[in-house]
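Shown next: entry.cif, given as mmCIF, C-alpha atoms.
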```cif
data_protein
loop_
_atom_site.label_atom_id
_atom_site.label_comp_id
_atom_site.auth_asym_id
_atom_site.auth_seq_id
_atom_site.Cartn_x
_atom_site.Cartn_y
_atom_site.Cartn_z
CA MET R 1 250.28 182.08 -52.33
CA CYS R 2 249.44 185.68 -51.77
CA GLY R 3 251.80 186.13 -48.85
CA ALA R 4 255.12 187.79 -49.41
CA PRO R 5 258.17 185.58 -49.70
CA ALA R 6 261.29 186.47 -47.74
CA GLN R 7 262.67 189.73 -49.11
CA GLU R 8 266.21 189.04 -50.13
CA LEU R 9 267.35 190.14 -53.50
CA SER R 10 268.61 186.97 -55.17
CA LEU R 11 266.62 186.43 -58.36
CA GLU R 12 267.92 182.88 -58.76
CA GLY R 13 265.35 180.53 -60.24
CA ILE R 14 263.10 183.31 -61.50
CA ASP R 15 262.76 184.01 -65.22
CA VAL R 16 263.49 187.73 -65.02
CA GLY R 17 262.88 188.07 -68.75
CA GLN R 18 259.17 187.55 -68.02
CA GLU R 19 259.01 189.89 -65.03
CA ALA R 20 259.00 193.64 -64.48
CA VAL R 21 260.91 193.85 -61.21
CA VAL R 22 260.89 196.86 -58.89
CA GLN R 23 263.32 196.48 -56.00
CA GLY R 24 265.53 198.48 -53.69
CA THR R 25 266.18 199.45 -50.10
CA VAL R 26 264.49 201.52 -47.43
CA THR R 27 266.81 203.81 -45.47
CA LYS R 28 266.58 206.38 -42.71
CA GLY R 29 269.47 208.78 -42.21
CA GLY R 30 271.48 206.64 -44.63
CA GLU R 31 270.98 203.44 -42.56
CA PRO R 32 268.92 200.52 -43.90
CA VAL R 33 265.57 199.97 -42.17
CA GLY R 34 264.48 196.36 -41.66
CA GLY R 35 260.86 195.51 -40.90
CA ALA R 36 259.44 198.50 -42.79
CA PHE R 37 256.18 198.05 -44.71
CA VAL R 38 256.50 198.90 -48.41
CA ARG R 39 253.46 199.30 -50.61
CA LEU R 40 253.31 199.29 -54.38
CA LEU R 41 250.62 201.68 -55.62
CA ASP R 42 249.45 201.77 -59.24
CA GLY R 43 248.98 204.82 -61.47
CA SER R 44 245.69 205.68 -59.75
CA GLY R 45 247.23 205.36 -56.28
CA GLU R 46 245.52 202.01 -55.67
CA PHE R 47 247.20 199.36 -53.52
CA THR R 48 248.75 196.59 -55.58
CA ALA R 49 251.03 194.80 -53.13
CA GLU R 50 252.88 195.14 -49.86
CA VAL R 51 256.04 193.55 -48.48
CA VAL R 52 258.10 193.89 -45.32
CA THR R 53 261.77 194.81 -45.77
CA SER R 54 264.50 192.33 -44.86
CA ALA R 55 267.01 193.01 -42.07
CA THR R 56 269.11 194.86 -44.66
CA GLY R 57 266.16 197.04 -45.70
CA SER R 58 265.55 195.27 -49.01
CA PHE R 59 262.24 194.87 -50.84
CA ARG R 60 261.14 193.54 -54.22
CA PHE R 61 257.99 193.50 -56.36
CA PHE R 62 257.02 191.69 -59.55
CA ALA R 63 255.04 194.45 -61.18
CA ALA R 64 253.67 195.09 -64.63
CA PRO R 65 255.36 197.52 -67.02
CA GLY R 66 254.47 201.11 -66.16
CA GLU R 67 254.68 203.84 -63.55
CA TRP R 68 254.42 202.93 -59.89
CA THR R 69 254.54 204.68 -56.54
CA LEU R 70 256.27 203.07 -53.58
CA ARG R 71 255.18 204.04 -50.11
CA ALA R 72 257.01 202.93 -46.96
CA LEU R 73 255.81 202.94 -43.34
CA ALA R 74 257.89 202.32 -40.22
CA PRO R 75 257.19 203.29 -36.59
CA GLY R 76 257.04 207.09 -36.62
CA ALA R 77 258.33 207.52 -40.19
CA THR R 78 257.11 207.37 -43.77
CA GLY R 79 258.66 207.74 -47.22
CA GLU R 80 257.69 207.68 -50.88
CA ALA R 81 259.41 207.09 -54.22
CA LYS R 82 258.49 206.60 -57.88
CA ALA R 83 259.57 203.75 -60.13
CA THR R 84 259.21 202.85 -63.79
CA ALA R 85 258.99 199.12 -64.44
CA ALA R 86 259.72 197.39 -67.75
CA LEU R 87 259.52 193.73 -68.78
CA GLY R 88 262.86 191.97 -68.43
CA ALA R 89 264.34 194.81 -66.37
CA VAL R 90 265.02 195.45 -62.70
CA ALA R 91 264.08 198.98 -61.61
CA GLU R 92 266.32 199.77 -58.61
CA THR R 93 264.59 202.26 -56.32
CA SER R 94 265.52 203.47 -52.87
CA ILE R 95 263.09 204.98 -50.39
CA SER R 96 264.28 207.39 -47.75
CA LEU R 97 262.20 207.69 -44.55
CA SER R 98 261.69 210.87 -42.61
CA MET A 1 226.98 190.26 -35.04
CA SER A 2 228.85 193.48 -35.50
CA ARG A 3 232.16 195.23 -35.12
CA ALA A 4 231.90 195.29 -31.30
CA ASP A 5 231.55 191.50 -31.20
CA ASN A 6 234.13 190.52 -33.76
CA LEU A 7 236.93 193.08 -33.78
CA VAL A 8 239.25 194.06 -30.91
CA ASP A 9 241.99 196.64 -30.69
CA ALA A 10 245.50 196.38 -29.27
CA ALA A 11 244.46 197.81 -25.88
CA TRP A 12 241.86 195.02 -25.51
CA VAL A 13 244.49 192.42 -26.33
CA GLU A 14 246.99 193.91 -23.87
CA ALA A 15 244.31 193.86 -21.16
CA HIS A 16 243.64 190.16 -21.82
CA LEU A 17 247.22 188.89 -22.19
CA ASP A 18 247.00 186.92 -18.96
CA ASP A 19 243.42 185.72 -19.40
CA PRO A 20 243.67 181.92 -19.69
CA LYS A 21 240.41 181.74 -21.69
CA VAL A 22 241.66 184.15 -24.37
CA VAL A 23 243.92 182.49 -26.94
CA LEU A 24 245.90 184.65 -29.31
CA VAL A 25 246.61 182.89 -32.59
CA GLU A 26 249.11 184.26 -35.10
CA VAL A 27 248.61 183.23 -38.73
CA ASP A 28 251.16 184.27 -41.34
CA GLU A 29 252.10 182.91 -44.67
CA ASP A 30 255.68 183.65 -43.72
CA VAL A 31 255.78 181.38 -40.66
CA SER A 32 259.21 182.68 -39.68
CA ALA A 33 257.54 185.96 -38.66
CA TYR A 34 256.34 184.26 -35.48
CA ASP A 35 259.87 183.14 -34.59
CA LYS A 36 261.20 186.67 -34.92
CA GLY A 37 258.62 187.88 -32.43
CA HIS A 38 254.95 187.46 -31.59
CA ILE A 39 252.48 188.79 -29.07
CA ARG A 40 253.10 187.22 -25.65
CA GLY A 41 251.32 183.90 -25.25
CA ALA A 42 250.27 183.63 -28.90
CA VAL A 43 250.23 180.23 -30.57
CA ARG A 44 251.20 179.83 -34.21
CA LEU A 45 249.02 178.41 -36.91
CA ASP A 46 250.42 177.61 -40.35
CA TRP A 47 247.67 178.29 -42.91
CA LYS A 48 249.31 176.02 -45.45
CA THR A 49 250.76 173.02 -43.64
CA GLU A 50 248.10 172.90 -40.90
CA LEU A 51 244.90 174.14 -42.55
CA GLN A 52 245.25 172.61 -46.03
CA ASP A 53 244.91 168.94 -46.89
CA PRO A 54 248.44 167.74 -47.76
CA VAL A 55 247.33 165.93 -50.93
CA LYS A 56 244.10 167.16 -52.51
CA ARG A 57 243.22 170.83 -52.85
CA ASP A 58 240.86 171.29 -49.90
CA PHE A 59 240.81 172.05 -46.21
CA VAL A 60 241.70 169.52 -43.55
CA ASP A 61 238.65 167.47 -42.54
CA LYS A 62 236.72 167.93 -39.31
CA ARG A 63 238.65 165.24 -37.43
CA SER A 64 242.00 166.74 -38.42
CA PHE A 65 240.81 170.21 -37.42
CA GLU A 66 239.78 168.83 -34.02
CA GLN A 67 243.18 167.21 -33.58
CA LEU A 68 244.96 170.41 -34.63
CA LEU A 69 243.09 172.64 -32.19
CA SER A 70 243.39 170.08 -29.39
CA LYS A 71 247.15 169.95 -29.93
CA LYS A 72 247.36 173.78 -29.94
CA GLY A 73 245.54 173.89 -26.60
CA ILE A 74 242.43 175.66 -27.90
CA ALA A 75 239.18 174.69 -26.17
CA ASN A 76 235.63 175.06 -27.49
CA ASP A 77 234.82 177.73 -24.91
CA ASP A 78 238.01 179.77 -25.46
CA THR A 79 237.87 183.21 -27.01
CA VAL A 80 240.17 183.00 -30.03
CA VAL A 81 241.80 186.25 -31.20
CA LEU A 82 243.43 186.02 -34.60
CA TYR A 83 246.11 188.33 -35.94
CA GLY A 84 248.85 188.19 -38.54
CA GLY A 85 250.94 189.91 -41.16
CA ASN A 86 249.89 190.93 -44.68
CA ASN A 87 247.28 193.32 -43.25
CA ASN A 88 245.55 190.37 -41.55
CA TRP A 89 244.84 188.52 -44.83
CA PHE A 90 245.70 185.12 -43.42
CA ALA A 91 244.27 185.92 -40.00
CA ALA A 92 240.96 186.82 -41.66
CA TYR A 93 241.23 183.60 -43.65
CA ALA A 94 241.73 181.62 -40.42
CA TYR A 95 238.85 183.54 -38.82
CA TRP A 96 236.58 182.46 -41.66
CA TYR A 97 237.97 178.90 -41.41
CA PHE A 98 237.29 178.74 -37.63
CA LYS A 99 233.73 179.95 -38.36
CA LEU A 100 233.41 177.26 -41.02
CA TYR A 101 234.06 174.62 -38.35
CA GLY A 102 231.76 176.38 -35.91
CA HIS A 103 234.04 177.93 -33.29
CA ALA A 104 231.80 180.00 -31.03
CA ASP A 105 233.79 183.02 -29.85
CA ILE A 106 236.27 184.43 -32.29
CA LYS A 107 237.70 187.88 -32.87
CA LEU A 108 240.17 189.61 -35.15
CA LEU A 109 242.83 192.04 -33.87
CA ASP A 110 242.31 195.28 -35.82
CA GLY A 111 245.42 196.07 -37.85
CA GLY A 112 247.09 192.77 -37.01
CA ARG A 113 250.86 192.58 -36.74
CA LYS A 114 251.37 195.68 -38.81
CA LYS A 115 249.53 198.09 -36.52
CA TRP A 116 251.06 196.35 -33.48
CA GLU A 117 254.57 196.82 -34.92
CA LEU A 118 253.95 200.39 -36.08
CA ASP A 119 252.86 201.19 -32.51
CA SER A 120 256.13 199.59 -31.29
CA ARG A 121 254.22 197.29 -28.94
CA GLU A 122 255.92 194.39 -27.21
CA LEU A 123 256.78 191.23 -29.16
CA THR A 124 258.53 188.21 -27.67
CA ASP A 125 260.25 185.11 -29.01
CA GLU A 126 259.22 183.08 -25.96
CA VAL A 127 257.01 180.11 -26.90
CA ARG A 128 254.50 179.07 -24.27
CA PRO A 129 252.73 175.86 -25.24
CA ARG A 130 249.17 175.50 -23.93
CA PRO A 131 247.96 172.25 -22.36
CA ALA A 132 246.21 170.00 -24.89
CA THR A 133 242.41 170.01 -25.08
CA GLU A 134 239.68 167.76 -26.48
CA TYR A 135 238.34 170.07 -29.17
CA VAL A 136 235.07 169.15 -30.88
CA ALA A 137 234.33 170.83 -34.23
CA LYS A 138 231.01 171.14 -36.01
CA ASP A 139 230.34 170.11 -39.61
CA GLN A 140 231.42 172.77 -42.11
CA ASP A 141 228.95 175.65 -42.27
CA LEU A 142 228.54 175.78 -46.04
CA SER A 143 226.42 178.92 -45.79
CA ILE A 144 229.73 180.85 -45.78
CA ARG A 145 231.68 178.80 -48.37
CA ALA A 146 231.05 179.01 -52.12
CA PHE A 147 232.07 176.37 -54.66
CA ARG A 148 232.75 176.84 -58.38
CA ASP A 149 229.30 175.91 -59.70
CA GLU A 150 227.67 178.43 -57.38
CA VAL A 151 229.99 181.10 -58.76
CA VAL A 152 229.05 180.31 -62.35
CA ALA A 153 225.36 180.31 -61.34
CA ALA A 154 225.81 183.65 -59.58
CA ILE A 155 226.82 185.45 -62.79
CA GLY A 156 224.27 188.19 -63.35
CA THR A 157 222.14 187.12 -60.38
CA LYS A 158 224.14 187.53 -57.14
CA ASN A 159 226.71 190.04 -56.00
CA LEU A 160 230.14 188.88 -57.10
CA VAL A 161 232.91 190.87 -55.45
CA ASP A 162 236.39 190.51 -56.88
CA VAL A 163 238.71 191.90 -54.21
CA ARG A 164 241.97 191.64 -56.15
CA SER A 165 243.91 194.69 -57.30
CA PRO A 166 242.61 196.51 -60.40
CA ASP A 167 245.44 195.08 -62.52
CA GLU A 168 244.56 191.53 -61.53
CA PHE A 169 240.85 192.25 -62.15
CA THR A 170 241.38 193.56 -65.67
CA GLY A 171 243.77 190.73 -66.47
CA LYS A 172 246.99 192.73 -66.64
CA LEU A 173 248.49 190.77 -63.72
CA LEU A 174 247.82 187.16 -62.67
CA ALA A 175 249.08 187.40 -59.10
CA PRO A 176 249.73 190.11 -56.53
CA ALA A 177 252.79 192.09 -57.50
CA HIS A 178 255.03 190.78 -54.74
CA LEU A 179 254.96 187.36 -56.40
CA PRO A 180 256.34 186.04 -59.70
CA GLN A 181 253.57 186.12 -62.31
CA GLU A 182 252.72 182.44 -62.75
CA GLN A 183 250.90 181.60 -65.97
CA SER A 184 248.78 178.60 -64.99
CA GLN A 185 245.42 180.26 -65.58
CA ARG A 186 243.60 182.64 -67.88
CA ALA A 187 243.62 186.25 -66.73
CA GLY A 188 240.54 188.36 -66.13
CA HIS A 189 237.49 188.15 -63.87
CA VAL A 190 234.08 186.50 -63.50
CA PRO A 191 231.57 188.39 -65.71
CA THR A 192 229.36 190.84 -63.77
CA ALA A 193 231.77 190.90 -60.79
CA ILE A 194 232.42 194.29 -59.25
CA ASN A 195 236.00 195.12 -58.34
CA VAL A 196 236.43 196.38 -54.79
CA PRO A 197 240.05 195.71 -53.83
CA TRP A 198 240.31 194.46 -50.22
CA SER A 199 242.67 197.37 -49.53
CA LYS A 200 239.88 199.91 -49.98
CA ALA A 201 238.33 198.52 -46.78
CA ALA A 202 241.47 199.16 -44.76
CA ASN A 203 243.53 202.13 -43.66
CA GLU A 204 247.23 202.36 -44.46
CA ASP A 205 248.12 200.93 -41.02
CA GLY A 206 246.03 197.83 -41.69
CA THR A 207 243.05 198.74 -39.47
CA PHE A 208 239.54 198.60 -40.92
CA LYS A 209 237.79 201.77 -42.04
CA SER A 210 234.72 202.95 -40.13
CA ASP A 211 231.37 201.24 -40.75
CA ASP A 212 230.05 204.40 -42.44
CA LYS A 213 233.01 204.55 -44.84
CA LEU A 214 232.67 200.82 -45.55
CA ARG A 215 228.95 201.12 -46.30
CA GLU A 216 229.68 204.02 -48.69
CA LEU A 217 232.44 202.04 -50.37
CA TYR A 218 230.31 199.03 -51.30
CA ALA A 219 227.22 201.08 -52.14
CA ALA A 220 229.26 203.25 -54.52
CA ALA A 221 230.73 200.11 -56.13
CA GLY A 222 227.25 198.80 -56.89
CA LEU A 223 226.81 196.05 -54.29
CA LYS A 224 223.10 195.28 -54.31
CA ASP A 225 221.02 195.01 -51.13
CA GLY A 226 218.87 191.96 -50.54
CA VAL A 227 221.00 189.76 -52.79
CA GLU A 228 223.49 187.14 -51.67
CA THR A 229 227.17 187.90 -52.14
CA ILE A 230 230.18 185.81 -53.13
CA ALA A 231 233.66 187.28 -52.57
CA TYR A 232 236.74 185.91 -54.30
CA CYS A 233 240.38 186.78 -54.91
CA ARG A 234 243.21 184.54 -56.08
CA ILE A 235 243.35 181.85 -53.38
CA GLY A 236 240.68 182.98 -50.95
CA GLU A 237 242.56 184.85 -48.25
CA ARG A 238 242.10 188.46 -49.38
CA SER A 239 238.43 187.64 -50.00
CA SER A 240 238.21 186.38 -46.41
CA HIS A 241 239.17 189.92 -45.41
CA THR A 242 236.26 191.30 -47.44
CA TRP A 243 233.93 188.50 -46.24
CA PHE A 244 234.82 189.63 -42.71
CA VAL A 245 233.97 193.25 -43.56
CA LEU A 246 230.63 192.44 -45.17
CA GLN A 247 229.33 189.80 -42.79
CA GLU A 248 231.14 190.37 -39.49
CA LEU A 249 231.47 194.18 -39.46
CA LEU A 250 228.54 195.38 -41.57
CA GLY A 251 226.22 192.51 -40.65
CA HIS A 252 225.22 191.49 -44.19
CA THR A 253 223.65 188.05 -44.46
CA GLY A 254 224.23 185.45 -47.15
CA VAL A 255 227.89 186.30 -47.77
CA LYS A 256 230.14 183.49 -48.97
CA ASN A 257 233.85 183.24 -49.55
CA TYR A 258 234.91 181.37 -52.71
CA ASP A 259 238.18 179.83 -51.54
CA GLY A 260 238.84 178.23 -54.93
CA SER A 261 239.01 181.80 -56.23
CA TRP A 262 240.86 182.78 -59.39
CA THR A 263 243.40 179.94 -59.29
CA GLU A 264 240.43 177.59 -59.73
CA TYR A 265 238.03 179.70 -61.79
CA GLY A 266 240.73 180.88 -64.19
CA SER A 267 241.67 177.26 -64.88
CA LEU A 268 238.15 175.90 -65.52
CA VAL A 269 237.35 174.76 -69.05
CA GLY A 270 234.48 176.54 -70.73
CA VAL A 271 233.44 179.07 -68.08
CA PRO A 272 232.90 182.68 -69.15
CA ILE A 273 235.67 185.17 -68.41
CA GLU A 274 235.70 188.90 -68.91
CA LYS A 275 239.05 190.46 -69.70
CA THR A 276 239.48 194.18 -70.21
CA ALA A 277 243.25 194.72 -70.14
#
```
Any chance you could give the structure as structure tokens?
Amino acid sequence: MCGAPAQELSLEGIDVGQEAVVQGTVTKGGEPVGGAFVRLLDGSGEFTAEVVTSATGSFRFFAAPGEWTLRALAPGATGEAKATAALGAVAETSISLS
Amino acid sequence: MSRADNLVDAAWVEAHLDDPKVVLVEVDEDVSAYDKGHIRGAVRLDWKTELQDPVKRDFVDKRSFEQLLSKKGIANDDTVVLYGGNNNWFAAYAYWYFKLYGHADIKLLDGGRKKWELDSRELTDEVRPRPATEYVAKDQDLSIRAFRDEVVAAIGTKNLVDVRSPDEFTGKLLAPAHLPQEQSQRAGHVPTAINVPWSKAANEDGTFKSDDKLRELYAAAGLKDGVETIAYCRIGERSSHTWFVLQELLGHTGVKNYDGSWTEYGSLVGVPIEKTA
């Protein structure tokens, strides 16, 4: 399926050793933002994937090793962050909206 | 057919919320999205449990599609407006699917759920079932659906548009990056396919780019005029988005969606694959 699974951060049942995970939370003024749209953009700025944050503001991607840009959209606010993904690792990244 | 016939904006939808002949249909892969809130009066369609055959890999047959739409309260002369999450991927897929079975009047809500939510427009959790109908479908219109042998035959002769992300196209990734990277197929793309990710046809808020920008996009990518086109992705929903752009917005003819897409092609024995990653 190409649709995004529910965004909660349990990695149970997934062989993390084979994945390059980028995950984190979206916040605004220090508070988590649920329902925000988070995009994973590759090194050339091209769209790779998009998820919607959970009620607690969480998101997660299964990327490839390398440099990524995360871009978040919510009503009236946007935010951006960078992440470096590596195989078998979880890159924790937070995005602050303004 | 053009943009004015096939695409509506949020204001149009709001003006038709109480029109009994306009049926809003929400299609998400995450079916719980509808429960958390949907546009008033919208019915839910589950692309997987309702549109796919439960056993073999194919769509439900004509009779089952008729029963499904009858049960949902959709009549042959209703205007169906599709919208959904994931930048309308699954809504575009359902749009193409409704066309396949010959529904007459069908439109896509520009930007889908995303634009609607970013505009902070009203969503409700109230479910309003519609009275059942006696829907009659047509036979599948195979002029818009491509099968594997046509894809192999199209190598070097027709336009093949791979709408996956660049990393999936080159073979670096096997699935979109919000999913675990399953390893059931070979990675890469169909030889001679051009890579125009679906996302290049859309703005950040999920709405489609202007016709002029879209024409420039495909011309610059090398899409040939006067040649038939087959679009594919991984399972056929992102390529429905591009099929919609090419045929329903730009008015190209002879555009097919290959719903088998990479999960089928990348598993076939003996077919050529190009891998550049």
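Put simply, atom CA of A:Glu216 is 25.5 Å away from atom CA of R:Arg71.
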Exercise. What are the residues of chain A that have an atom within 8 Å of an atom of chain R, counting all atoms listed in the file, as number ranges by chain?
Worked result: A: 28-30, 86, 114, 117-120, 165-167, 172-173, 175-181, 199, 234-235, 237
Seminar exercise, completed: Counting all atoms listed in the file, closest pick from R:Gly43, R:Gly24, R:Gly88, R:Gly79 relative to R:Gly57 is R:Gly24
Exercise. So how many Å separate atom CA of A:Val43 and atom CA of A:Val8, to one decimal?
Worked result: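 A separation of 17.7 Å between them.
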Would you kindly return, as a CSV table (one decimal) with C-alpha atoms, in the frame of the given file, each protein, DNA or RNA residue with an atom no farther than 7 Å from any atom of R:Lys28, considering all atoms listed in the file and excluding same-chain residues fewer than 3 positions away?
```csv
chain,number,residue,atom,x,y,z
R,31,GLU,CA,271.0,203.4,-42.6
R,32,PRO,CA,268.9,200.5,-43.9
R,33,VAL,CA,265.6,200.0,-42.2
R,96,SER,CA,264.3,207.4,-47.8
R,97,LEU,CA,262.2,207.7,-44.6
R,98,SER,CA,261.7,210.9,-42.6
```
Exercise. So what does the PyMOL selection byres ((chain A and resi 159) around 7) actually pick up in this one, as a list in words?
Worked result: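 Taken over the shown coordinates, the PyMOL selection byres ((chain A and resi 159) around 7) returns Thr157, Lys158, Leu160, Val161, Leu223, Lys224, Val227, Glu228, Thr229 and Ile230 of chain A.
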For this session: Kindly resolve the PyMOL selection byres ((chain A and resi 143-151) around 10) on the present coordinates and return the residues as an NGL selection string.
Result: :A and (96-97 or 99-100 or 140-142 or 152-155 or 158-160 or 190 or 229-232 or 243 or 247 or 253-261 or 264-265 or 268 or 271)
Exercise. Which of these residues is nearest to A:Trp198, using only C-alpha atoms: A:Phe65, A:Phe98, A:Trp89, A:Trp12?
Worked result: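 Once distances to A:Trp198 are computed over only C-alpha atoms, the minimum belongs to A:Trp89.
Rounded to one decimal, atom CA of R:Glu12 and atom CA of R:Val90 lie 13.5 Å from each other.
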For this session: Would you mind listing what lies within 12 Å of stretch 121-123 of chain A as number ranges by chain, with only C-alpha atoms counted and same-chain residues fewer than 2 positions away left out?
Result: R: 75; A: 10-11, 13-14, 17, 26, 33-42, 112-119, 125-127
Please dump the current selection as a compact mmCIF listing (two decimals), in the frame of the given file; keep C-alpha atoms.
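Below is the file that was written, part04.txt:
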```txt
# COMPACT_ATOMS: atom_id res chain seq x y z
CA PRO R 75 257.19 203.29 -36.59
CA ALA A 10 245.50 196.38 -29.27
CA ALA A 11 244.46 197.81 -25.88
CA VAL A 13 244.49 192.42 -26.33
CA GLU A 14 246.99 193.91 -23.87
CA LEU A 17 247.22 188.89 -22.19
CA GLU A 26 249.11 184.26 -35.10
CA ALA A 33 257.54 185.96 -38.66
CA TYR A 34 256.34 184.26 -35.48
CA ASP A 35 259.87 183.14 -34.59
CA LYS A 36 261.20 186.67 -34.92
CA GLY A 37 258.62 187.88 -32.43
CA HIS A 38 254.95 187.46 -31.59
CA ILE A 39 252.48 188.79 -29.07
CA ARG A 40 253.10 187.22 -25.65
CA GLY A 41 251.32 183.90 -25.25
CA ALA A 42 250.27 183.63 -28.90
CA GLY A 112 247.09 192.77 -37.01
CA ARG A 113 250.86 192.58 -36.74
CA LYS A 114 251.37 195.68 -38.81
CA LYS A 115 249.53 198.09 -36.52
CA TRP A 116 251.06 196.35 -33.48
CA GLU A 117 254.57 196.82 -34.92
CA LEU A 118 253.95 200.39 -36.08
CA ASP A 119 252.86 201.19 -32.51
CA ASP A 125 260.25 185.11 -29.01
CA GLU A 126 259.22 183.08 -25.96
CA VAL A 127 257.01 180.11 -26.90
```
Could you give me the centre and size, in Å to one decimal, of an axis-aligned box around all listed atoms of stretch 73-78 of chain R with 3 Å added on every side, as JSON?
```
{"center_x": 257.1, "center_y": 204.9, "center_z": -40.2, "size_x": 8.5, "size_y": 11.2, "size_z": 13.2}
```
Exercise. The PyMOL selection byres ((chain A and resi 207-214) around 10) on the file shown: which residues, as a PyMOL selection string?
Worked result: chain A and resi 2-3+7+9+87-88+109-112+114-115+199-206+215-220+241+245-246+249-250
For this session: May I ask which of the residues R:Thr53, R:Glu80, R:Leu11, R:Glu92 is the closest one to R:Gln23, counting only C-alpha atoms?
Result: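 Using only C-alpha atoms, the shortest distance to R:Gln23 belongs to R:Glu92.
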